[in-house]
Amino acid sequence: MSQKVEPPPAKSKLALLRRLIVGATLVLAASHPAAALDAVSMQLKWKHQFQFAGYYQALEQGFYRDAGLDVTIREGGPGIDAAEAVASSKADFGVCTASVLRDWAAGRRLVVLAAIFQRSPAVILVARRADISNVSELRGRTLMDAPGSDEIAAMLKREGVDYQALPRVAHEGNPRDLLAGRADAMIAYSTSEPFVLEQLGAAYRTFAPAASGIDFYGDNLCTSEAEVKAHPDRVAAFKAATVKGWAYALAHKEATVDLILRTYSAKKSREALLFEAEHTEALVGRDPDRIGEQDPAR
């Protein structure tokens, strides 16, 4: 005697169908690794601060991810040469200075993708009590140096000071070292270190290359010639996402400062980062459509 088999209820059929769909989706995802993001690294030239805000926001807002990139941002510091890291393939992209032009002739073949800072923020700071009233009086004085300071070297040369001959001390990025007498002068950024001295009420002088007729671009997004030739689409995607990140960061300065404090570094106060944000915007430019532009004539 045969037993009649009842068809499964509609709800059971629907549950079975859902399980089959989920299983098929997992199988397809596992069999298509091409969907994975392309991992690249970005080497900063200094410690985390608003100076690199555009890269942080390009990552935070998903601009890099939307471009198919999984980006790792590496902090810089006194002992890190971002240009060397890119040239030696230790990093895919980096923040470089105008020195890449000079280095090209020496065999370090780096390419500037975007001139993020249209003006260099590099200056020399001296404490008033050091009794240095002009650039020429820096001759023989102790300097806290920073790598890639070609505009500073050009300014000193124009004023008759041998940059290479100046005595050096380690640069920790702290203008309090000037007040403590560890050095007579320090290479600094107009966007950053002056805030500390102003908060301390310390009198200081600033020597800017522009005053001596030296007008270089500042921070540049760079990569190697080899990277451009091997991965042109990836390079173009990284540049576009970075520029978009800078436009977002400057349009949302307070939110970007909060992101830096929350995710990257709390070494600077919120007030210091906001000071840096305002001065950085003046260097990058306030027109989002012109961020990163380069003038061949210049």
# chains A, B, ... in the order shown; residues from 1 in each chain; ligands from 1
$ select_by_dssp --residues "segment 9-229 of chain A" --states "strand (DSSP E or B)" --output "PyMOL selection string"
chain A and resi 38-43+69-74+93-96+110-115+122-127+143-144+168-169+185-189+204-207+220-224
$ select_by_dssp --residues "segment 21-139 of chain A" --states "helix (DSSP H, G or I)" --output "PyMOL selection string"
chain A and resi 21-30+33-35+50-60+63-66+82-87+100-105+128-130+135-138
$ atom_distance --atom1 "atom CA of Ala106 of chain A" --atom2 "atom CA of Glu225 of chain A"
13.9 Å
$ residues_around --residues "Arg141 of chain A" --least-positions-apart "3" --cutoff "10 Å" --atoms "only C-alpha atoms" --output "compact mmCIF listing (two decimals) with all heavy atoms, in the first residue's frame"
# COMPACT_ATOMS: atom_id res chain seq x y z
N ALA A 130 66.90 85.30 20.48
CA ALA A 130 68.12 84.82 19.81
C ALA A 130 68.83 85.96 19.09
O ALA A 130 69.95 85.78 18.61
CB ALA A 130 67.76 83.72 18.81
N ILE A 132 68.28 87.47 16.22
CA ILE A 132 68.48 87.27 14.78
C ILE A 132 67.41 88.08 14.08
O ILE A 132 66.21 87.75 14.16
CB ILE A 132 68.38 85.78 14.40
CG1 ILE A 132 69.44 84.96 15.14
CG2 ILE A 132 68.50 85.59 12.90
CD1 ILE A 132 69.28 83.47 14.98
N GLU A 137 71.91 86.73 9.21
CA GLU A 137 72.44 86.51 10.56
C GLU A 137 72.28 85.07 11.04
O GLU A 137 72.69 84.73 12.15
CB GLU A 137 71.75 87.47 11.53
CG GLU A 137 72.13 88.93 11.29
CD GLU A 137 71.39 89.89 12.21
OE1 GLU A 137 70.58 89.43 13.03
OE2 GLU A 137 71.62 91.10 12.09
N LEU A 138 71.72 84.22 10.20
CA LEU A 138 71.62 82.80 10.53
C LEU A 138 72.94 82.08 10.30
O LEU A 138 73.10 80.92 10.69
CB LEU A 138 70.52 82.14 9.69
CG LEU A 138 69.08 82.52 10.04
CD1 LEU A 138 68.13 82.04 8.96
CD2 LEU A 138 68.69 81.92 11.39
N ALA A 165 76.37 74.07 5.62
CA ALA A 165 77.38 74.27 6.66
C ALA A 165 76.78 74.56 8.03
O ALA A 165 77.51 74.58 9.03
CB ALA A 165 78.32 75.40 6.25
N LEU A 166 75.49 74.79 8.10
CA LEU A 166 74.87 75.15 9.39
C LEU A 166 74.91 73.95 10.35
O LEU A 166 74.59 72.82 9.96
CB LEU A 166 73.42 75.58 9.19
CG LEU A 166 73.20 76.89 8.43
CD1 LEU A 166 71.70 77.15 8.25
CD2 LEU A 166 73.85 78.06 9.15
N PRO A 167 75.27 74.16 11.61
CA PRO A 167 75.23 73.09 12.61
C PRO A 167 73.78 72.62 12.79
O PRO A 167 72.85 73.42 12.76
CB PRO A 167 75.75 73.76 13.88
CG PRO A 167 76.47 74.98 13.42
CD PRO A 167 75.77 75.44 12.17
N ARG A 168 73.58 71.32 12.95
CA ARG A 168 72.24 70.74 13.06
C ARG A 168 71.99 70.13 14.43
O ARG A 168 72.91 69.62 15.08
CB ARG A 168 72.01 69.65 12.03
CG ARG A 168 72.16 69.94 10.53
CD ARG A 168 71.47 71.17 10.05
NE ARG A 168 71.11 71.11 8.64
CZ ARG A 168 71.86 71.58 7.66
NH1 ARG A 168 73.06 72.10 7.90
NH2 ARG A 168 71.42 71.54 6.41
N ALA A 183 68.16 75.06 19.95
CA ALA A 183 68.58 75.50 18.61
C ALA A 183 68.30 76.98 18.49
O ALA A 183 67.50 77.56 19.23
CB ALA A 183 67.83 74.71 17.54
N ASP A 184 68.99 77.61 17.54
CA ASP A 184 68.76 79.04 17.29
C ASP A 184 67.61 79.26 16.31
O ASP A 184 66.95 80.30 16.34
CB ASP A 184 70.03 79.68 16.70
CG ASP A 184 71.20 79.59 17.66
OD1 ASP A 184 71.02 79.93 18.84
OD2 ASP A 184 72.30 79.17 17.23
N ALA A 185 67.39 78.28 15.44
CA ALA A 185 66.36 78.42 14.41
C ALA A 185 65.81 77.04 14.08
O ALA A 185 66.46 76.01 14.29
CB ALA A 185 66.95 79.06 13.16
$ closest_residue --among "A:Ile73, A:Tyr55, A:Gly285, A:Leu221" --to "Ala236 of chain A" --atoms "only C-alpha atoms"
A:Leu221
